[in-house]
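A.B. asks: Here's a structure for you.
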Amino acid sequence: MIHNADTDTCLATAPLHADTFWLRLSGLMLRTTFPAGSDALIFTTRGLHTCFLRLPIDILFVDATHQVCGLRNALPSWRFVLQRRAKFAIELPAGVIRDSGTEVGHHLLWD
C-alpha cells in the first residue's frame with residue numbers, strides 16, 4: 001500500500017516494485033492498463049520516459065526519506081522527466097495525484 005501521511009489518503013493498494021531487469025526496462029510500455037493485481041509501479045530511479053505508453057500516467061518523485069520532491073499529472077506519451085533529488089519514481093493511474101491532494105513536501109508510506 002502507498003499512503004499519503006499528510007492527507008491520510010491511500011494512493012495505491014497493490015503497488016508493484018520494479019525490481020527485475022525486464023520490469024524496469026518495460027514498465028508500462030505498450031500496455032493499456034497496469035499489470036494484473038497492481039495499481040502502481042515503484043522504480044528506484046530519478047527519471048522516467050513515457051515512450052510507447054498507451055495511457056497517460058501520474059508520476060510522483062520521492063526522495064530517500066519518502067518525501068515527495070516532484071510530481072507530474074496525467075503525463076502523456078513521448079515525454080521524458082527527471083527529478084535530481086529523487087530516489088524513487090512512482091507511476092500511478094492518471095488522476096490519482098489530483099484526487100488525493102498529494103503535493104510536493106508530503107510524506108508517503110509504503111511497504
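To be explicit about the labels: the chains of the C-alpha cells are called A, B, and onward in the order shown, and within each one the residues are counted from 1, while ligands get numbers from 1 in the order they are shown.
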Name the residues in contact with Asn4 in chain A at a cut-off of 8 Å, using only C-alpha atoms, excluding same-chain residues fewer than 4 positions from it; report them as a PyMOL selection string.

C.D. replies: chain A and resi 8-11+102+106-109

A.B. asks: Report as a ChimeraX atom specification all protein, DNA and RNA residues lying within 12 Å of Gly27 in chain A, evaluated on only C-alpha atoms, omitting residues in the same chain fewer than 4 positions from it.

C.D. replies: /A:16-23,31-35,40-43,48-54,57,89-92

A.B. asks: Quick one: everything within 9 Å of range 94-97 of chain A, counting only C-alpha atoms, minus sequence neighbours fewer than 5 positions away in the same chain. Send it as a ChimeraX atom specification.

C.D. replies: /A:11-12,55-60,71-75,102-103

A.B. asks: What lies within 9 Å of Leu82 in chain A using only C-alpha atoms, ignoring chain neighbours under 2 positions off, as a list in words?

C.D. replies: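 What passes the distance filter is Arg46, Gly47, Leu48, His49, Phe61, Phe80, Arg84 and Ala86 of chain A.
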
A.B. asks: State, in Å with one decimal place, the distance from CA of Ala64 in chain A to CA of Met1 in chain A.

C.D. replies: 17.6 Å

A.B. asks: Calculated over only C-alpha atoms, which of the candidates A:Ser77, A:His3, A:Gln83, A:Trp110 has the smallest distance to Thr45 in chain A?

C.D. replies: A:Gln83

A.B. asks: How many Å lie between CA of Asp63 in chain A and CA of Arg79 in chain A, rounded to one decimal?

C.D. replies: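 We find that CA of Asp63 in chain A and CA of Arg79 in chain A lie 21.4 Å from each other.
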
A.B. asks: Give the strand (DSSP E or B) residues of range 58-98 of chain A, as DSSP finds them on the backbone, and put them as a list in words.

C.D. replies: Asp58, Ile59, Leu60, Phe61, Val62, Gln67, Val68, Cys69, Gly70, Leu71, Arg72, Asn73, Ala74, Leu75, Phe80, Val81, Leu82, Phe88, Ala89, Ile90, Glu91, Leu92 and Pro93 of chain A

A.B. asks: With C-alpha atoms retained, export the selected residues as a compact mmCIF listing (two decimals), in the first residue's frame.

C.D. replies:
# COMPACT_ATOMS: atom_id res chain seq x y z
CA ASP A 58 0.72 10.39 -12.90
CA ILE A 59 4.29 10.30 -11.61
CA LEU A 60 5.45 11.03 -8.07
CA PHE A 61 9.15 11.59 -7.44
CA VAL A 62 10.14 10.72 -3.88
CA GLN A 67 9.08 12.94 0.87
CA VAL A 68 7.50 13.96 -2.45
CA CYS A 69 10.06 16.14 -4.26
CA GLY A 70 8.35 16.36 -7.65
CA LEU A 71 5.21 15.31 -9.47
CA ARG A 72 3.67 15.20 -12.92
CA ASN A 73 -0.08 14.94 -13.55
CA ALA A 74 -1.54 12.95 -16.45
CA LEU A 75 1.74 12.82 -18.37
CA PHE A 80 10.94 12.46 -20.55
CA VAL A 81 11.03 13.61 -16.92
CA LEU A 82 13.87 13.90 -14.44
CA PHE A 88 12.15 6.71 -6.33
CA ALA A 89 9.61 7.33 -9.06
CA ILE A 90 6.06 6.04 -8.65
CA GLU A 91 3.83 5.55 -11.67
CA LEU A 92 0.11 5.84 -10.90
CA PRO A 93 -3.07 5.95 -12.96

A.B. asks: A:Trp78, A:Thr44, A:Thr13, A:Thr7: which is nearest Arg98 in chain A, counting only C-alpha atoms?

C.D. replies: A:Thr7

A.B. asks: Write out as a list in words all residues of range 4-94 of chain A that backbone DSSP assigns to helix (DSSP H, G or I).

C.D. replies: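 Answer for range 4-94 of chain A, restricted to helix (DSSP H, G or I): Phe21, Trp22, Leu23, Arg24, Leu25 and Ser26 of chain A.
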
A.B. asks: How would the residues just chosen look if you wrote them out with N, CA and C atoms as a short mmCIF file (atom, residue, chain, number, x, y, z; two decimals), in the first residue's frame?

C.D. replies:
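Writing done, so here's out-v1.cif:
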data_model
loop_
_atom_site.label_atom_id
_atom_site.label_comp_id
_atom_site.auth_asym_id
_atom_site.auth_seq_id
_atom_site.Cartn_x
_atom_site.Cartn_y
_atom_site.Cartn_z
N PHE A 21 15.07 -6.71 -14.07
CA PHE A 21 15.56 -6.01 -15.25
C PHE A 21 14.43 -5.78 -16.25
N TRP A 22 13.64 -6.81 -16.53
CA TRP A 22 12.59 -6.70 -17.53
C TRP A 22 11.52 -5.69 -17.12
N LEU A 23 11.11 -5.72 -15.88
CA LEU A 23 10.07 -4.79 -15.43
C LEU A 23 10.58 -3.35 -15.43
N ARG A 24 11.84 -3.15 -15.03
CA ARG A 24 12.41 -1.80 -15.09
C ARG A 24 12.52 -1.31 -16.53
N LEU A 25 12.86 -2.22 -17.44
CA LEU A 25 13.01 -1.85 -18.84
C LEU A 25 11.67 -1.55 -19.49
N SER A 26 10.69 -2.40 -19.26
CA SER A 26 9.42 -2.27 -19.96
C SER A 26 8.40 -1.40 -19.25
#
